[in-house]
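Student: What follows is input.cif, made up of mmCIF, C-alpha atoms:
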data_work
#
loop_
_atom_site.label_atom_id
_atom_site.label_comp_id
_atom_site.auth_asym_id
_atom_site.auth_seq_id
_atom_site.Cartn_x
_atom_site.Cartn_y
_atom_site.Cartn_z
CA MET K 1057 -160.26 37.38 -31.42
CA LEU K 1058 -158.23 39.37 -29.00
CA ASN K 1059 -158.65 43.15 -29.04
CA ASN K 1060 -160.46 42.80 -32.35
CA HIS K 1061 -157.43 41.08 -33.90
CA PRO K 1062 -157.56 37.47 -34.97
CA VAL K 1063 -155.21 35.23 -32.98
CA ASN K 1064 -153.71 32.02 -34.25
CA LEU K 1065 -154.15 29.86 -31.14
CA VAL K 1066 -152.38 26.94 -32.76
CA GLY K 1067 -149.25 29.03 -33.09
CA VAL K 1068 -149.45 30.08 -29.43
CA LEU K 1069 -150.64 26.88 -27.73
CA VAL K 1070 -148.86 24.12 -29.65
CA PRO K 1071 -145.28 25.25 -28.92
CA GLY K 1072 -146.17 25.71 -25.23
CA PHE K 1073 -147.86 22.31 -25.14
CA VAL K 1074 -144.84 20.65 -26.77
CA ALA K 1075 -142.52 22.33 -24.24
CA VAL K 1076 -144.65 21.05 -21.35
CA ILE K 1077 -144.69 17.50 -22.78
CA CYS K 1078 -140.90 17.55 -23.28
CA LEU K 1079 -140.32 18.91 -19.78
CA SER K 1080 -142.68 16.30 -18.29
CA GLY K 1081 -140.80 13.55 -20.10
CA ALA K 1082 -137.47 14.80 -18.78
CA MET K 1083 -138.85 15.03 -15.24
CA ALA K 1084 -140.30 11.51 -15.48
CA LYS K 1085 -136.93 10.18 -16.65
CA THR K 1086 -135.17 11.92 -13.75
CA GLN K 1087 -137.71 10.56 -11.26
CA THR K 1088 -137.34 7.06 -12.70
CA GLU K 1089 -133.55 7.26 -12.44
CA LYS K 1090 -133.86 8.57 -8.88
CA SER K 1091 -136.33 5.81 -7.99
CA SER K 1092 -134.02 3.17 -9.44
CA THR K 1093 -131.12 4.40 -7.34
CA THR K 1094 -133.31 4.63 -4.27
CA ALA K 1095 -134.74 1.17 -4.93
CA GLY K 1096 -131.23 -0.25 -5.30
CA ASP K 1097 -130.09 1.41 -2.09
CA LEU K 1098 -133.21 0.17 -0.33
CA PHE K 1099 -132.59 -3.39 -1.55
CA VAL K 1100 -129.02 -3.30 -0.19
CA LYS K 1101 -130.22 -1.86 3.16
CA ILE K 1102 -133.00 -4.42 3.65
CA ARG K 1103 -130.74 -7.28 2.53
CA LYS K 1104 -128.21 -6.20 5.18
CA LEU K 1105 -130.92 -6.03 7.85
CA ASP K 1106 -132.15 -9.49 6.80
CA GLN K 1107 -128.60 -10.80 7.29
CA GLU K 1108 -128.34 -9.14 10.71
CA PHE K 1109 -131.66 -10.50 11.89
CA PHE K 1110 -131.08 -14.05 10.72
CA GLU K 1111 -127.50 -14.15 11.97
CA ALA K 1112 -129.03 -13.41 15.38
CA TYR K 1113 -131.78 -15.97 14.69
CA ASN K 1114 -129.26 -18.68 13.83
CA LYS K 1115 -127.26 -17.94 17.02
CA CYS K 1116 -130.35 -17.43 19.21
CA ASP K 1117 -129.15 -13.93 20.03
CA LEU K 1118 -132.47 -12.93 21.59
CA LYS K 1119 -131.37 -9.41 22.47
CA LYS K 1120 -130.39 -8.62 18.87
CA MET K 1121 -133.59 -10.16 17.44
CA GLU K 1122 -135.72 -8.21 19.89
CA SER K 1123 -133.98 -4.95 18.92
CA LEU K 1124 -135.13 -5.44 15.33
CA PHE K 1125 -138.85 -5.80 16.14
CA THR K 1126 -141.34 -2.98 16.68
CA ASP K 1127 -143.32 -3.03 19.94
CA ASP K 1128 -146.50 -3.83 18.01
CA ILE K 1129 -145.01 -6.62 15.86
CA GLU K 1130 -147.50 -9.05 14.36
CA PHE K 1131 -146.22 -12.46 13.31
CA TYR K 1132 -148.51 -14.51 11.08
CA HIS K 1133 -147.45 -18.14 10.77
CA GLU K 1134 -149.35 -20.65 8.65
CA LYS K 1135 -149.15 -23.34 11.35
CA HIS K 1136 -149.02 -21.33 14.57
CA GLY K 1137 -151.41 -18.52 13.71
CA LEU K 1138 -151.04 -14.91 14.82
CA VAL K 1139 -148.70 -13.77 17.60
CA ARG K 1140 -148.86 -10.11 18.60
CA SER K 1141 -146.42 -7.84 20.46
CA ARG K 1142 -142.67 -7.93 20.80
CA THR K 1143 -142.91 -9.50 24.26
CA THR K 1144 -145.11 -12.38 23.09
CA VAL K 1145 -143.08 -13.01 19.92
CA MET K 1146 -139.85 -13.07 21.94
CA GLU K 1147 -141.37 -15.48 24.48
CA ALA K 1148 -142.37 -17.82 21.64
CA ILE K 1149 -138.87 -17.66 20.12
CA SER K 1150 -137.08 -18.15 23.43
CA LYS K 1151 -139.23 -21.17 24.34
CA GLY K 1152 -139.45 -22.65 20.82
CA LEU K 1153 -136.54 -21.98 18.50
CA CYS K 1154 -134.07 -21.20 21.27
CA GLY K 1155 -135.57 -23.30 24.04
CA ASP K 1156 -134.01 -26.69 23.26
CA ALA K 1157 -130.23 -26.85 22.79
CA LYS K 1158 -130.61 -30.30 21.20
CA ASN K 1159 -132.98 -29.08 18.50
CA LYS K 1160 -131.62 -26.07 16.61
CA VAL K 1161 -132.60 -24.62 13.27
CA ARG K 1162 -130.51 -22.59 10.84
CA ARG K 1163 -132.17 -20.31 8.31
CA GLU K 1164 -130.66 -19.62 4.91
CA LEU K 1165 -132.02 -17.11 2.41
CA VAL K 1166 -132.63 -18.34 -1.14
CA GLU K 1167 -130.81 -15.32 -2.60
CA GLU K 1168 -132.39 -15.23 -6.05
CA THR K 1169 -135.90 -15.01 -4.57
CA LEU K 1170 -135.33 -11.85 -2.52
CA SER K 1171 -137.41 -8.83 -3.53
CA VAL K 1172 -137.76 -5.47 -1.80
CA TYR K 1173 -140.50 -2.93 -2.43
CA THR K 1174 -140.89 0.61 -1.13
CA ILE K 1175 -143.87 1.39 1.09
CA ASN K 1176 -144.16 5.18 0.85
CA ASP K 1177 -144.16 7.06 4.14
CA TYR K 1178 -143.60 3.82 6.08
CA GLY K 1179 -140.69 1.63 5.01
CA ALA K 1180 -140.35 -1.48 2.87
CA LEU K 1181 -141.74 -4.90 2.08
CA GLU K 1182 -139.26 -7.76 1.82
CA THR K 1183 -140.35 -11.05 0.25
CA GLY K 1184 -138.60 -14.26 -0.65
CA GLU K 1185 -137.96 -17.87 0.20
CA HIS K 1186 -135.72 -19.39 2.81
CA ARG K 1187 -134.45 -22.83 3.69
CA PHE K 1188 -134.38 -24.25 7.19
CA TYR K 1189 -131.79 -26.77 8.31
CA LEU K 1190 -131.87 -28.91 11.45
CA THR K 1191 -128.51 -28.53 13.19
CA ASN K 1192 -128.72 -31.00 16.04
CA PRO K 1193 -125.46 -31.60 17.96
CA GLY K 1194 -123.55 -34.68 16.87
CA LEU K 1195 -125.59 -35.12 13.69
CA PRO K 1196 -124.97 -33.85 10.16
CA GLU K 1197 -127.00 -30.77 9.26
CA LYS K 1198 -130.20 -31.71 7.44
CA LEU K 1199 -132.48 -29.66 5.20
CA ASP K 1200 -135.88 -29.55 6.89
CA GLY K 1201 -137.76 -27.54 4.28
CA VAL K 1202 -138.31 -24.35 2.33
CA GLY K 1203 -140.85 -21.61 2.99
CA HIS K 1204 -141.99 -18.20 1.83
CA PHE K 1205 -141.76 -15.08 3.92
CA SER K 1206 -142.86 -11.45 3.78
CA ASN K 1207 -141.46 -8.93 6.24
CA VAL K 1208 -142.71 -5.38 6.55
CA TRP K 1209 -139.90 -3.09 7.69
CA GLN K 1210 -140.81 0.20 9.34
CA LEU K 1211 -138.44 3.18 9.19
CA LYS K 1212 -139.10 5.33 12.23
CA ASP K 1213 -136.78 7.90 13.80
CA GLY K 1214 -133.97 6.68 11.55
CA GLU K 1215 -134.26 3.04 12.67
CA TRP K 1216 -135.46 0.09 10.64
CA LYS K 1217 -137.51 -2.52 12.49
CA ILE K 1218 -139.75 -5.40 11.47
CA SER K 1219 -143.41 -4.62 12.16
CA ARG K 1220 -145.11 -7.53 10.37
CA VAL K 1221 -143.96 -11.05 9.47
CA LEU K 1222 -145.79 -13.54 7.30
CA SER K 1223 -144.41 -17.09 7.19
CA TYR K 1224 -146.21 -19.39 4.76
CA GLY K 1225 -145.95 -22.02 2.06
CA PHE K 1226 -143.57 -24.26 4.01
CA ARG K 1227 -142.79 -27.46 2.17
CA SER K 1228 -140.40 -30.33 2.70
CA LYS K 1229 -137.27 -30.08 0.60
#
Would it be possible to restate this file's structure as structure tokens?
Tutor:
Amino acid sequence: MLNNHPVNLVGVLVPGFVAVICLSGAMAKTQTEKSSTTAGDLFVKIRKLDQEFFEAYNKCDLKKMESLFTDDIEFYHEKHGLVRSRTTVMEAISKGLCGDAKNKVRRELVEETLSVYTINDYGALETGEHRFYLTNPGLPEKLDGVGHFSNVWQLKDGEWKISRVLSYGFRSK
């Protein structure tokens, strides 16, 4: 009772409740559509960055690779363990991958395995598989193996950089 008059709460609350439910559904649909667009844009952006990084990797463009790592990069490799800091990772790459002109490796993304996930308030997670080919001078290129990778990309001050790398599950052909 309100002011000594009976009130039909069903008549008052149900239409309001239905309106809230309908509005919530519309908002959820809009957010889902927005997320899908954002996710698609993010996939394209990270795919482009992956191409940039591995083009530099394949050419041993150390300066370009270094520019795409955060200072506090952590690289987890199933065979070589953990390497920390941009300086240490770059030393390992310059001495290993890029240290012997007679023993080069080319990386190729297995396109259909690439996935990109948003990490709110940080950046993105990129996962997939890639193939590695031995490209020794004077010899035909040879598939060395396939492995899994996960890269965490940090978006900071408008720049995307790799902050964490996991390299695992390497197998011959």
Student: Grab the atom CA of K:Pro1193 to atom CA of K:Val1166 distance for me, in Å with one decimal place.
Tutor: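 Taking atom CA of K:Pro1193 as the start and atom CA of K:Val1166 as the end point, the length is 24.3 Å.
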Student: Considering all atoms listed in the file, state which residue in the set K:Ile1149, K:Leu1211, K:Lys1160, K:Lys1217 is at the smallest distance from K:Lys1198.
Tutor: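 When distances to K:Lys1198 are compared using all atoms listed in the file, the smallest one comes from K:Lys1160.
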Student: Output the residue selection produced by the PyMOL selection byres ((chain K and resi 1099-1114) around 10) on the file above, formatted as a PyMOL selection string.
Tutor: chain K and resi 1093-1098+1115-1125+1149+1153-1154+1160-1165+1167+1170-1174+1179-1182+1191+1207+1209+1216-1218
Student: Select, from K:His1136, K:Leu1195, K:Lys1212, K:Ser1223, the residue with the minimum atom-to-atom distance to K:Gly1152, counting only C-alpha atoms.
Tutor: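 Result for the nearest residue to K:Gly1152: K:His1136.
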Student: Write out as JSON, numbers by chain which residues come within 10 Å of K:Tyr1224 when counting only C-alpha atoms, dropping same-chain ones fewer than 3 positions away.
Tutor: {"K": [1132, 1133, 1134, 1135, 1185, 1202, 1203, 1204, 1205, 1206, 1221, 1227]}
Student: Just checking: using all atoms listed in the file, which residue out of K:Gly1194, K:Thr1183, K:Val1208, K:Glu1168 ends up closest to K:Phe1131?
Tutor: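 Of K:Gly1194, K:Thr1183, K:Val1208, K:Glu1168, the one nearest K:Phe1131, counting all atoms listed in the file, is K:Val1208.
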Student: Grab the atom CA of K:Thr1126 to atom CA of K:Gly1214 distance for me, in Å with one decimal place.
Tutor: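 These two atoms are separated by 13.2 Å.
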Student: Rounded to one decimal place, report the atom CA of K:Ile1129-atom CA of K:Glu1147 distance in Å.
Tutor: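 A separation of 12.9 Å between them.
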